[in-house]
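For reference, start.tsv is printed below; it contains TSV, C-alpha atoms and all ligand atoms.
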```tsv
chain	number	residue	atom	x	y	z
A	1	MET	CA	-31.87	66.65	-28.59
A	2	LYS	CA	-30.96	69.66	-26.52
A	3	SER	CA	-31.74	67.85	-23.28
A	4	LEU	CA	-29.68	64.83	-24.37
A	5	GLN	CA	-26.70	67.12	-24.90
A	6	ALA	CA	-27.30	68.66	-21.52
A	7	ILE	CA	-27.41	65.23	-19.87
A	8	LEU	CA	-24.19	64.16	-21.63
A	9	LEU	CA	-22.47	67.36	-20.55
A	10	LEU	CA	-23.62	66.79	-16.98
A	11	MET	CA	-22.31	63.23	-17.02
A	12	THR	CA	-18.91	64.29	-18.34
A	13	THR	CA	-18.67	67.07	-15.77
A	14	ALA	CA	-19.53	64.66	-12.96
A	15	ALA	CA	-16.96	62.13	-14.17
A	16	PHE	CA	-14.37	64.88	-14.51
A	17	ALA	CA	-15.10	66.21	-11.03
A	18	GLN	CA	-14.36	62.79	-9.55
A	19	LYS	CA	-11.10	62.31	-11.36
A	20	THR	CA	-7.88	62.48	-9.39
A	21	THR	CA	-4.79	63.88	-11.08
A	22	VAL	CA	-1.33	62.67	-10.08
A	23	THR	CA	1.89	64.53	-10.85
A	24	LYS	CA	5.50	63.94	-9.83
A	25	ALA	CA	8.42	66.32	-9.14
A	26	PRO	CA	11.89	66.15	-7.53
A	27	PHE	CA	12.02	66.79	-3.75
A	28	GLY	CA	15.76	66.92	-3.06
A	29	ASN	CA	18.60	64.52	-2.47
A	30	VAL	CA	18.91	61.94	0.32
A	31	ALA	CA	22.54	61.04	1.11
A	32	HIS	CA	23.40	57.55	-0.21
A	33	GLN	CA	19.77	56.96	-1.19
A	34	GLY	CA	19.35	58.99	-4.39
A	35	SER	CA	16.77	61.67	-5.06
A	36	ALA	CA	13.48	61.89	-3.27
A	37	GLU	CA	10.35	62.56	-5.26
A	38	ILE	CA	7.14	64.30	-4.38
A	39	PHE	CA	3.77	63.27	-5.79
A	40	THR	CA	0.80	65.63	-5.85
A	41	LEU	CA	-2.67	64.08	-5.79
A	42	THR	CA	-5.55	66.42	-6.60
A	43	SER	CA	-9.29	65.81	-6.44
A	44	ALA	CA	-12.15	68.30	-6.39
A	45	ASP	CA	-11.97	68.33	-2.56
A	46	ILE	CA	-8.36	67.62	-1.57
A	47	THR	CA	-4.80	68.33	-2.65
A	48	MET	CA	-2.20	66.17	-0.97
A	49	ARG	CA	1.53	65.85	-1.44
A	50	ILE	CA	3.42	62.69	-0.57
A	51	THR	CA	7.17	62.10	-0.73
A	52	SER	CA	9.14	58.92	-1.32
A	53	TYR	CA	11.32	59.81	1.70
A	54	GLY	CA	9.58	57.81	4.42
A	55	ALA	CA	6.55	57.27	2.11
A	56	ARG	CA	5.22	60.29	3.94
A	57	VAL	CA	2.35	62.73	3.65
A	58	VAL	CA	3.88	66.20	3.32
A	59	SER	CA	0.74	68.29	3.05
A	60	LEU	CA	-3.01	67.83	2.81
A	61	ASP	CA	-5.31	70.71	1.98
A	62	THR	CA	-9.08	70.64	2.52
A	63	LYS	CA	-11.86	73.21	2.61
A	64	ASP	CA	-13.38	74.52	5.83
A	65	ARG	CA	-17.12	75.10	6.37
A	66	ASN	CA	-16.91	78.39	4.43
A	67	GLY	CA	-15.12	76.81	1.48
A	68	LYS	CA	-11.74	78.27	2.43
A	69	THR	CA	-8.81	75.93	1.73
A	70	GLY	CA	-6.17	75.23	4.36
A	71	GLY	CA	-3.48	72.70	5.27
A	72	VAL	CA	-4.46	70.20	7.98
A	73	VAL	CA	-1.24	68.24	8.58
A	74	LEU	CA	2.13	69.17	10.08
A	75	GLY	CA	5.19	68.93	7.86
A	76	TYR	CA	8.01	70.60	5.95
A	77	ASP	CA	8.39	71.78	2.38
A	78	ASN	CA	11.82	70.23	1.70
A	79	VAL	CA	13.46	66.87	2.27
A	80	ASP	CA	16.38	68.31	4.28
A	81	SER	CA	14.04	69.35	7.09
A	82	TYR	CA	12.69	65.81	7.32
A	83	ILE	CA	16.23	64.39	7.38
A	84	ALA	CA	17.15	66.84	10.15
A	85	ASP	CA	14.17	65.66	12.24
A	86	PRO	CA	14.38	61.94	13.03
A	87	LYS	CA	12.12	62.24	16.10
A	88	THR	CA	8.62	63.36	15.08
A	89	TYR	CA	7.98	60.94	12.19
A	90	PHE	CA	5.79	63.66	10.58
A	91	GLY	CA	3.49	62.02	8.00
A	92	SER	CA	5.70	58.95	7.61
A	93	VAL	CA	5.22	55.20	7.47
A	94	PRO	CA	7.28	53.88	10.41
A	95	GLY	CA	8.47	50.27	10.22
A	96	ARG	CA	9.32	47.46	10.16
A	97	TYR	CA	7.52	47.60	13.51
A	98	ALA	CA	5.64	50.84	14.21
A	99	ASN	CA	5.48	51.75	17.93
A	100	ARG	CA	7.51	50.12	20.72
A	101	ILE	CA	9.13	46.78	21.40
A	102	ALA	CA	10.18	46.43	25.05
A	103	LYS	CA	13.94	46.62	25.52
A	104	GLY	CA	14.31	46.01	21.77
A	105	LYS	CA	14.07	42.24	22.26
A	106	PHE	CA	11.73	39.58	20.98
A	107	THR	CA	11.77	35.84	20.35
A	108	LEU	CA	10.50	34.25	17.17
A	109	GLU	CA	10.52	30.50	16.50
A	110	GLY	CA	12.91	29.95	19.41
A	111	ARG	CA	15.48	32.60	18.39
A	112	GLN	CA	16.01	35.88	20.17
A	113	TYR	CA	16.42	39.08	18.14
A	114	GLU	CA	17.78	42.46	19.22
A	115	LEU	CA	16.76	45.81	17.78
A	116	PRO	CA	18.31	49.27	18.17
A	117	ILE	CA	17.32	51.02	21.43
A	118	ASN	CA	16.37	54.46	20.05
A	119	ASN	CA	13.78	55.35	22.73
A	120	PRO	CA	15.52	54.10	25.89
A	121	PRO	CA	15.00	51.50	27.17
A	122	ASN	CA	12.90	50.45	24.14
A	123	SER	CA	13.00	50.20	20.38
A	124	LEU	CA	10.62	52.64	18.65
A	125	HIS	CA	9.22	52.74	15.10
A	126	GLY	CA	11.60	50.14	13.66
A	127	GLY	CA	14.86	51.45	15.16
A	128	THR	CA	17.41	54.19	14.48
A	129	ASP	CA	17.19	53.74	10.72
A	130	GLY	CA	13.62	52.54	10.24
A	131	PHE	CA	11.31	52.80	7.23
A	132	ALA	CA	10.55	56.48	7.92
A	133	SER	CA	14.13	57.39	6.96
A	134	ARG	CA	14.22	55.31	3.79
A	135	ASN	CA	13.77	56.69	0.31
A	136	TRP	CA	11.06	54.36	-1.03
A	137	GLN	CA	10.58	53.60	-4.73
A	138	GLY	CA	7.52	55.54	-5.88
A	139	LYS	CA	5.30	55.29	-8.95
A	140	ALA	CA	2.09	56.99	-10.01
A	141	ILE	CA	-0.93	54.67	-10.22
A	142	VAL	CA	-4.62	55.31	-11.00
A	143	ASP	CA	-5.92	57.78	-8.36
A	144	GLY	CA	-2.67	57.78	-6.40
A	145	VAL	CA	0.84	56.63	-5.75
A	146	GLU	CA	2.46	53.35	-4.73
A	147	PHE	CA	5.70	53.11	-2.77
A	148	THR	CA	7.83	49.98	-2.45
A	149	LEU	CA	10.63	49.22	-0.03
A	150	VAL	CA	12.77	46.09	0.18
A	151	SER	CA	14.13	45.64	3.70
A	152	PRO	CA	16.92	43.03	3.67
A	153	ASP	CA	17.28	40.14	6.11
A	154	GLY	CA	18.82	41.51	9.32
A	155	ASP	CA	17.82	45.12	8.58
A	156	GLN	CA	17.78	46.91	12.00
A	157	GLY	CA	17.96	43.44	13.56
A	158	TYR	CA	14.71	42.08	12.04
A	159	PRO	CA	14.81	38.63	10.43
A	160	GLY	CA	13.74	37.91	6.84
A	161	LYS	CA	13.77	39.97	3.68
A	162	LEU	CA	10.56	42.02	3.77
A	163	THR	CA	9.04	43.63	0.68
A	164	ALA	CA	6.58	46.35	1.67
A	165	HIS	CA	4.15	48.37	-0.48
A	166	VAL	CA	2.15	51.40	0.59
A	167	ARG	CA	-0.52	52.89	-1.65
A	168	TYR	CA	-2.17	56.25	-1.16
A	169	LEU	CA	-5.37	56.61	-3.15
A	170	LEU	CA	-7.37	59.81	-3.32
A	171	ARG	CA	-11.02	59.71	-4.37
A	172	GLY	CA	-13.10	62.82	-3.86
A	173	ASN	CA	-12.98	63.70	-0.16
A	174	SER	CA	-11.43	60.40	0.95
A	175	VAL	CA	-7.87	59.10	1.22
A	176	ARG	CA	-7.34	55.35	1.30
A	177	ILE	CA	-4.03	53.94	2.52
A	178	GLU	CA	-3.26	50.32	1.71
A	179	TYR	CA	-0.29	48.45	3.16
A	180	LEU	CA	0.95	45.11	1.79
A	181	ALA	CA	4.02	43.09	2.73
A	182	THR	CA	5.60	39.69	2.08
A	183	THR	CA	8.65	38.00	3.57
A	184	ASP	CA	11.05	35.18	2.70
A	185	ALA	CA	11.47	34.04	6.33
A	186	PRO	CA	9.34	34.38	9.50
A	187	THR	CA	9.38	37.96	10.76
A	188	ILE	CA	7.22	40.57	12.49
A	189	VAL	CA	5.60	43.58	10.84
A	190	ASN	CA	3.41	46.48	11.95
A	191	LEU	CA	2.91	49.44	9.61
A	192	THR	CA	1.05	52.68	10.17
A	193	ASN	CA	0.92	56.28	9.09
A	194	HIS	CA	2.24	58.89	11.51
A	195	THR	CA	0.49	62.03	10.23
A	196	TYR	CA	-0.09	64.85	12.75
A	197	PHE	CA	-3.45	66.45	12.08
A	198	ASN	CA	-4.55	69.92	13.05
A	199	LEU	CA	-7.95	70.54	11.48
A	200	GLY	CA	-7.75	74.20	12.49
A	201	GLY	CA	-5.35	74.70	9.57
A	202	ASP	CA	-1.69	75.73	9.24
A	203	GLY	CA	-0.53	77.99	12.05
A	204	THR	CA	-3.16	76.85	14.59
A	205	PRO	CA	-1.10	76.47	17.77
A	206	SER	CA	-3.02	73.70	19.56
A	207	ILE	CA	-5.28	70.68	19.10
A	208	LEU	CA	-6.70	70.90	22.62
A	209	ASP	CA	-10.02	72.38	21.42
A	210	GLU	CA	-10.61	69.68	18.81
A	211	GLN	CA	-13.34	67.19	19.65
A	212	LEU	CA	-12.42	63.53	19.48
A	213	THR	CA	-14.64	60.46	19.33
A	214	LEU	CA	-13.05	57.00	19.48
A	215	ASP	CA	-14.82	53.71	18.69
A	216	SER	CA	-13.09	52.08	21.64
A	217	ASP	CA	-14.40	50.59	24.86
A	218	LYS	CA	-10.92	49.53	26.00
A	219	TYR	CA	-7.32	50.65	25.84
A	220	THR	CA	-3.97	49.17	26.83
A	221	PRO	CA	-2.51	50.94	29.92
A	222	ILE	CA	1.25	51.49	29.85
A	223	ASP	CA	4.23	51.50	32.19
A	224	PRO	CA	6.34	54.68	32.61
A	225	THR	CA	8.38	53.69	29.51
A	226	SER	CA	5.18	53.50	27.41
A	227	ILE	CA	5.14	49.70	27.11
A	228	PRO	CA	1.65	48.16	27.58
A	229	LEU	CA	1.27	46.35	30.91
A	230	GLY	CA	-0.63	43.54	29.14
A	231	PRO	CA	-4.26	43.56	30.27
A	232	GLN	CA	-6.79	45.74	28.49
A	233	ALA	CA	-8.70	48.23	30.64
A	234	LEU	CA	-12.19	49.66	30.23
A	235	VAL	CA	-12.23	53.35	29.30
A	236	GLU	CA	-15.46	53.89	31.25
A	237	GLY	CA	-15.12	56.44	34.04
A	238	THR	CA	-11.62	57.54	32.95
A	239	PRO	CA	-10.14	60.40	30.86
A	240	PHE	CA	-9.73	57.73	28.14
A	241	ASP	CA	-13.46	57.53	27.51
A	242	PHE	CA	-13.96	59.12	24.08
A	243	ARG	CA	-17.01	57.00	23.21
A	244	THR	CA	-18.87	60.30	23.10
A	245	PRO	CA	-17.16	63.46	21.78
A	246	HIS	CA	-14.79	65.23	24.17
A	247	THR	CA	-12.34	68.02	23.52
A	248	ILE	CA	-8.81	66.69	23.82
A	249	GLY	CA	-7.91	69.35	26.37
A	250	SER	CA	-10.83	68.78	28.72
A	251	ARG	CA	-9.21	65.97	30.74
A	252	ILE	CA	-5.59	65.89	29.54
A	253	ASP	CA	-4.28	67.42	32.78
A	254	ALA	CA	-6.39	65.21	35.07
A	255	ASP	CA	-4.62	63.61	38.03
A	256	ASN	CA	-4.29	60.22	36.38
A	257	GLU	CA	-1.34	57.86	36.45
A	258	GLN	CA	-1.81	56.75	32.84
A	259	LEU	CA	-1.82	60.35	31.57
A	260	LYS	CA	1.39	60.89	33.57
A	261	ASN	CA	3.00	57.80	32.04
A	262	GLY	CA	2.20	59.07	28.55
A	263	ALA	CA	2.92	62.77	29.26
A	264	GLY	CA	-0.65	63.23	27.97
A	265	TYR	CA	-2.43	60.87	25.58
A	266	ASP	CA	0.00	58.41	23.97
A	267	HIS	CA	-1.92	55.15	24.27
A	268	ASN	CA	-3.18	52.28	22.17
A	269	PHE	CA	-6.98	52.07	22.00
A	270	VAL	CA	-8.67	48.78	21.12
A	271	ILE	CA	-10.96	49.37	18.14
A	272	ARG	CA	-14.45	47.95	18.56
A	273	GLY	CA	-15.47	45.19	16.14
A	274	LYS	CA	-13.62	42.60	14.15
A	275	SER	CA	-10.00	43.16	13.20
A	276	GLY	CA	-9.68	42.70	9.43
A	277	ASP	CA	-13.01	44.44	8.75
A	278	LEU	CA	-12.82	48.06	7.62
A	279	ARG	CA	-14.78	49.74	10.45
A	280	PRO	CA	-15.00	53.13	12.20
A	281	VAL	CA	-12.05	54.14	14.41
A	282	ALA	CA	-12.30	57.84	15.15
A	283	LYS	CA	-13.90	61.16	14.38
A	284	VAL	CA	-12.16	64.50	14.88
A	285	TYR	CA	-14.16	67.75	14.70
A	286	ASP	CA	-12.70	71.22	14.78
A	287	PRO	CA	-15.35	73.67	16.06
A	288	GLY	CA	-13.42	76.67	14.74
A	289	THR	CA	-13.40	75.69	11.06
A	290	GLY	CA	-16.10	73.00	11.01
A	291	ARG	CA	-13.66	70.50	9.54
A	292	VAL	CA	-14.34	66.83	10.27
A	293	LEU	CA	-12.10	63.81	9.81
A	294	HIS	CA	-13.51	60.28	9.95
A	295	ILE	CA	-11.00	57.41	10.19
A	296	SER	CA	-11.76	53.75	9.46
A	297	SER	CA	-9.34	50.84	9.54
A	298	THR	CA	-8.90	47.08	9.38
A	299	GLU	CA	-6.39	47.22	12.28
A	300	PRO	CA	-7.15	46.06	15.85
A	301	GLY	CA	-5.77	49.22	17.50
A	302	VAL	CA	-5.07	52.93	17.18
A	303	GLN	CA	-2.37	54.93	18.97
A	304	PHE	CA	-3.86	58.25	20.00
A	305	TYR	CA	-0.86	60.55	20.51
A	306	SER	CA	-1.57	64.16	21.47
A	307	GLY	CA	1.74	65.60	20.23
A	308	ASN	CA	3.20	65.77	23.74
A	309	PHE	CA	6.82	65.71	22.60
A	310	LEU	CA	6.60	68.58	20.14
A	311	ASP	CA	8.60	71.20	22.01
A	312	GLY	CA	8.43	74.46	20.08
A	313	THR	CA	11.84	74.06	18.43
A	314	LEU	CA	10.94	72.71	14.98
A	315	PRO	CA	10.12	75.21	12.21
A	316	SER	CA	6.48	75.21	11.17
A	317	ARG	CA	5.17	75.65	7.66
A	318	SER	CA	3.49	78.92	8.54
A	319	GLY	CA	6.76	80.55	9.66
A	320	GLY	CA	6.60	79.90	13.42
A	321	LYS	CA	7.51	76.79	15.42
A	322	TYR	CA	5.55	73.61	16.02
A	323	GLN	CA	4.34	73.99	19.60
A	324	LYS	CA	3.60	71.25	22.11
A	325	ARG	CA	0.26	69.62	21.22
A	326	SER	CA	-0.10	71.49	17.93
A	327	GLY	CA	-0.86	68.20	16.15
A	328	LEU	CA	-2.50	64.88	16.99
A	329	CYS	CA	-1.81	61.42	15.60
A	330	LEU	CA	-4.24	58.54	15.20
A	331	GLU	CA	-1.92	55.71	14.20
A	332	THR	CA	-3.92	52.64	13.22
A	333	GLN	CA	-1.84	49.63	14.19
A	334	HIS	CA	-1.38	46.29	15.91
A	335	PHE	CA	-0.79	46.78	19.63
A	336	PRO	CA	2.62	47.98	20.85
A	337	ASP	CA	5.02	45.24	21.98
A	338	SER	CA	2.78	42.48	20.55
A	339	PRO	CA	5.75	40.14	19.91
A	340	ASN	CA	6.23	39.99	23.71
A	341	GLU	CA	2.55	39.76	24.66
A	342	PRO	CA	0.92	36.47	23.57
A	343	SER	CA	-2.59	37.73	24.44
A	344	TYR	CA	-2.39	40.42	21.70
A	345	PRO	CA	-3.25	39.83	18.02
A	346	SER	CA	-0.15	38.38	16.36
A	347	THR	CA	2.21	40.53	14.28
A	348	GLU	CA	4.08	37.56	12.86
A	349	LEU	CA	4.34	37.20	9.09
A	350	LYS	CA	5.33	33.93	7.47
A	351	PRO	CA	6.64	33.25	3.98
A	352	GLY	CA	3.75	32.66	1.58
A	353	ASP	CA	1.41	34.87	3.63
A	354	MET	CA	0.50	38.45	2.78
A	355	TYR	CA	0.38	41.27	5.34
A	356	ARG	CA	-2.58	43.51	4.48
A	357	SER	CA	-3.88	46.60	6.20
A	358	THR	CA	-6.19	49.41	5.09
A	359	THR	CA	-7.01	52.76	6.65
A	360	THR	CA	-9.20	55.55	5.27
A	361	TRP	CA	-9.37	59.24	6.11
A	362	THR	CA	-12.57	60.98	5.00
A	363	PHE	CA	-12.88	64.76	5.26
A	364	SER	CA	-16.08	66.77	5.46
A	365	THR	CA	-17.44	69.80	7.33
A	366	GLU	CA	-20.15	70.44	9.88
A	367	LYS	CA	-21.75	73.61	11.22
A	401	LIG	C1	4.51	57.65	18.66
A	401	LIG	C2	4.85	57.35	20.06
A	401	LIG	C3	5.14	58.60	20.79
A	401	LIG	C4	6.25	59.39	20.11
A	401	LIG	C5	5.86	59.64	18.67
A	401	LIG	C6	6.98	60.29	17.92
A	401	LIG	O1	3.27	58.19	18.55
A	401	LIG	O2	3.86	56.60	20.71
A	401	LIG	O3	5.53	58.29	22.11
A	401	LIG	O4	7.43	58.68	20.15
A	401	LIG	O5	5.52	58.43	18.06
A	401	LIG	O6	7.46	61.42	18.54
```
Let me see the structure of the file written as C-alpha cells.
Amino acid sequence: MKSLQAILLLMTTAAFAQKTTVTKAPFGNVAHQGSAEIFTLTSADITMRITSYGARVVSLDTKDRNGKTGGVVLGYDNVDSYIADPKTYFGSVPGRYANRIAKGKFTLEGRQYELPINNPPNSLHGGTDGFASRNWQGKAIVDGVEFTLVSPDGDQGYPGKLTAHVRYLLRGNSVRIEYLATTDAPTIVNLTNHTYFNLGGDGTPSILDEQLTLDSDKYTPIDPTSIPLGPQALVEGTPFDFRTPHTIGSRIDADNEQLKNGAGYDHNFVIRGKSGDLRPVAKVYDPGTGRVLHISSTEPGVQFYSGNFLDGTLPSRSGGKYQKRSGLCLETQHFPDSPNEPSYPSTELKPGDMYRSTTTWTFSTEK
C-alpha cells in the first residue's frame, strides 16, 4: 500500500513538473491599436514572456550548467521601447514577407505590386508598418499563447486579405513556434521569428565566442544591398562553413567579399533535407555558461544574422547598451526575394491553401 502511494505521488509530481502555466498582464498602450498584453509561460526549465505587440518574445530565461538562471534573448521591459525601435525587430514576427524583396517590387499572376522601400533600395520585413509593429490579438491556449492578425487587402502593398496565426508552445525545455496563414486572394507570405540570442546571459557584450553549427551545405550569396544573386554556393572552403562547430568570431573579419556585403554574417543558409519536414537547422553552444540551443524547422532556409547593425545606442535590459554583435539571429524562413527568383521554393499562397511553418528551440547545457 505504501509503495502504491509512493508511486502515485511520483506520477503526480512528474505530471506537475511537465505542466506549463500561462498568465496574462497588461504591457502598455499602442497608439491607435489598443493595449498590448504580455503572456508569461513557465515550465520547470524555462520562463518566457511574449507580447502581443509584434507577437514578440520579450524575455526567455534558462538555467546554465550550474543551475543558475539567466535571460538569453535581447529585448525591453516595456512596449514604448519597442515602439521607439523600429529597426532591430527584437523577438518579433516580421511579415507579411520577412527579409528582403528587391526594390520592393514583385509580379504575381501578371500584376506588379509595389511595397514600401524601408531598407533602400529594398523592402525589408514587410515594409514600414509590417507585422512586427502590429498589436496582434492574443489568447492563452494549453501550454502557450496564440496570436492572430488580419492583414487587409493592400496592406503595405500586398494583395489579398491575409489571416495569420502564430502559436508559441512551451513544453519542458523546448519552445515550439507554429505559423499558419490563409488568404482570400493570391498573395505571398514568409513568416519568421527575429529573436536575438545571447546564451551568455543578460549583459554579455558579444556573441563572437559562441560556437555555431549549421546543417547547411549551401548558402545564397548576396549583392551589396543584401539581395541574393540567385545561384546557391557551396559553403565548403569558405567562412560560411559551419558544418562543424566554429566560433562566430573566428572568421567574421576574413577578407571575403560576401562578409563585406553583409557587414558580417547576414546570409540565408539552405537547410539540408526536405523542406516541410521538421529537421535540424542549427546548434549554438556558449562555452562560458554551457548553455546549448538546438533549432529545428520545416523551412527551407535560415538567415544567420550576427547582429552587425546593433550600434551601442539602444538601452539594454541589464542597464547598459546593446553593443554591436551582442546578439545573433537564426531566422528560419523561405529565401529572401523568392518572389523574384523562380529557382527558389515558392512563397505564393492561394485561397483555399494553408501556409504552415514550424520551428522549435530546445535548450540544454553541456560541460
Ligand atoms: C534581418 C536582416 C538584417 C537586418 C535585421 C534587422 O536579419 O537580414 O540585415 O536588417 O534583420 O536589423
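Nearest residue to ligand LIG 401 (chain A), choosing from A:Glu331, A:Asp217, A:Glu37, A:Asp286 and counting all atoms listed in the file: A:Glu331.
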Next on the checklist: Around ligand LIG 401 (chain A), which protein and nucleic acid residues have at least one atom no more than 9 Å from it, if we count only C-alpha atoms and all ligand atoms? List them as number ranges by chain.
Outcome noted: A: 86-90, 98-100, 119, 124-125, 194, 226, 262-263, 266-268, 303-310, 328-331, 336
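The shortest atom-to-atom distance to A:Lys161, with all atoms listed in the file taken into account, belongs to A:Ala181 out of A:Leu60, A:Val175, A:Val284, A:Ala181.
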Which centre and edge lengths in Å to one decimal define the box along x, y and z that fits every listed atom of stretch 257-274 of chain A plus 4 Å per side, as lines of an AutoDock Vina configuration file?
```
center_x = -6.2
center_y = 52.9
center_z = 25.3
size_x = 26.5
size_y = 28.6
size_z = 30.3
```
Item to check | Surrounding residues of stretch 219-223 of chain A excluding itself and chain neighbours under 4 positions, 6 Å, only C-alpha atoms, as an MDAnalysis selection string | outcome: chainID A and resid 227:229 232:233 268:270
Item to check | Shell around A:Gly301 at 6 Å using only C-alpha atoms, local window under 3 positions removed, as a list in words | outcome: Phe269, Val270, Ile271, Thr332, Gln333, His334 and Phe335 of chain A
Checklist entry - So which residues fall inside 7 Å of (-14.0, 68.0, 11.1) if we count all atoms listed in the file? Mind giving them as a VMD selection string? => result chain A and resid 199 284 to 286 290 to 293 363 to 366
Checklist outcome for this item: Computed gap from atom CA of A:Arg325 to atom CA of A:Ala132 is 21.3 Å
Next on the checklist: Counting all atoms listed in the file, which residue out of A:Pro280, A:Gly110, A:Gly138, A:Gly130 sits closest to A:Ala36?
Outcome noted: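 Checking each candidate against A:Ala36, we get A:Gly138 as the closest.
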Contact residues around A:Tyr344 with only C-alpha atoms at 9 Å, ignoring same-chain residues under 4 positions, as a PDB file with C-alpha atoms, in the coordinates of the input:
```
ATOM      1  CA  GLY A 230      -0.630  43.540  29.140  1.00  0.00           C
ATOM      2  CA  HIS A 334      -1.380  46.290  15.910  1.00  0.00           C
ATOM      3  CA  PHE A 335      -0.790  46.780  19.630  1.00  0.00           C
ATOM      4  CA  ASP A 337       5.020  45.240  21.980  1.00  0.00           C
ATOM      5  CA  SER A 338       2.780  42.480  20.550  1.00  0.00           C
ATOM      6  CA  PRO A 339       5.750  40.140  19.910  1.00  0.00           C
ATOM      7  CA  ASN A 340       6.230  39.990  23.710  1.00  0.00           C
TER       8      ASN A 340
END
```
Next on the checklist: To one decimal place in Å, what is the distance between atom CA of A:Val57 and atom CA of A:Lys218?
Outcome noted: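 Taking atom CA of A:Val57 as the start and atom CA of A:Lys218 as the end point, the length is 29.2 Å.
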Item to check | Atomic separation - atom CA of A:Pro159 relative to atom CA of A:Trp136, Å | outcome: 19.8 Å
Write out all heavy atoms for stretch 100-106 of chain A, as a compact mmCIF listing (two decimals), in the coordinates of the input.
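Result file is rebuild-v8.txt:
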```
# COMPACT_ATOMS: atom_id res chain seq x y z
N ARG A 100 6.38 50.59 19.90
CA ARG A 100 7.51 50.12 20.72
C ARG A 100 7.60 48.62 20.87
O ARG A 100 6.58 47.93 20.93
CB ARG A 100 7.41 50.75 22.11
CG ARG A 100 7.62 52.25 22.09
CD ARG A 100 7.46 52.86 23.46
NE ARG A 100 7.75 54.30 23.40
CZ ARG A 100 6.90 55.21 22.93
NH1 ARG A 100 5.71 54.84 22.50
NH2 ARG A 100 7.24 56.48 22.88
N ILE A 101 8.85 48.16 21.00
CA ILE A 101 9.13 46.78 21.40
C ILE A 101 10.02 46.88 22.65
O ILE A 101 11.08 47.53 22.63
CB ILE A 101 9.79 45.99 20.26
CG1 ILE A 101 8.78 45.86 19.12
CG2 ILE A 101 10.28 44.63 20.76
CD1 ILE A 101 9.23 45.03 17.95
N ALA A 102 9.53 46.27 23.73
CA ALA A 102 10.18 46.43 25.05
C ALA A 102 11.64 45.98 25.00
O ALA A 102 11.95 44.88 24.53
CB ALA A 102 9.42 45.62 26.10
N LYS A 103 12.49 46.86 25.44
CA LYS A 103 13.94 46.62 25.52
C LYS A 103 14.54 46.17 24.18
O LYS A 103 15.66 45.65 24.13
CB LYS A 103 14.25 45.62 26.62
CG LYS A 103 13.64 46.01 27.96
CD LYS A 103 14.45 45.53 29.14
CE LYS A 103 14.08 46.26 30.42
NZ LYS A 103 12.68 46.17 30.81
N GLY A 104 13.80 46.37 23.09
CA GLY A 104 14.31 46.01 21.77
C GLY A 104 14.57 44.52 21.59
O GLY A 104 15.40 44.14 20.77
N LYS A 105 13.83 43.70 22.34
CA LYS A 105 14.07 42.24 22.26
C LYS A 105 12.77 41.51 21.98
O LYS A 105 11.71 41.85 22.52
CB LYS A 105 14.60 41.73 23.61
CG LYS A 105 16.01 42.14 23.93
CD LYS A 105 16.51 41.26 25.08
CE LYS A 105 17.98 41.46 25.34
NZ LYS A 105 18.31 42.63 26.14
N PHE A 106 12.87 40.48 21.15
CA PHE A 106 11.73 39.58 20.98
C PHE A 106 12.25 38.22 20.52
O PHE A 106 13.36 38.10 20.01
CB PHE A 106 10.71 40.14 19.98
CG PHE A 106 11.18 40.19 18.56
CD1 PHE A 106 10.84 39.19 17.66
CD2 PHE A 106 11.97 41.25 18.11
CE1 PHE A 106 11.27 39.25 16.34
CE2 PHE A 106 12.39 41.31 16.79
CZ PHE A 106 12.05 40.30 15.90
```
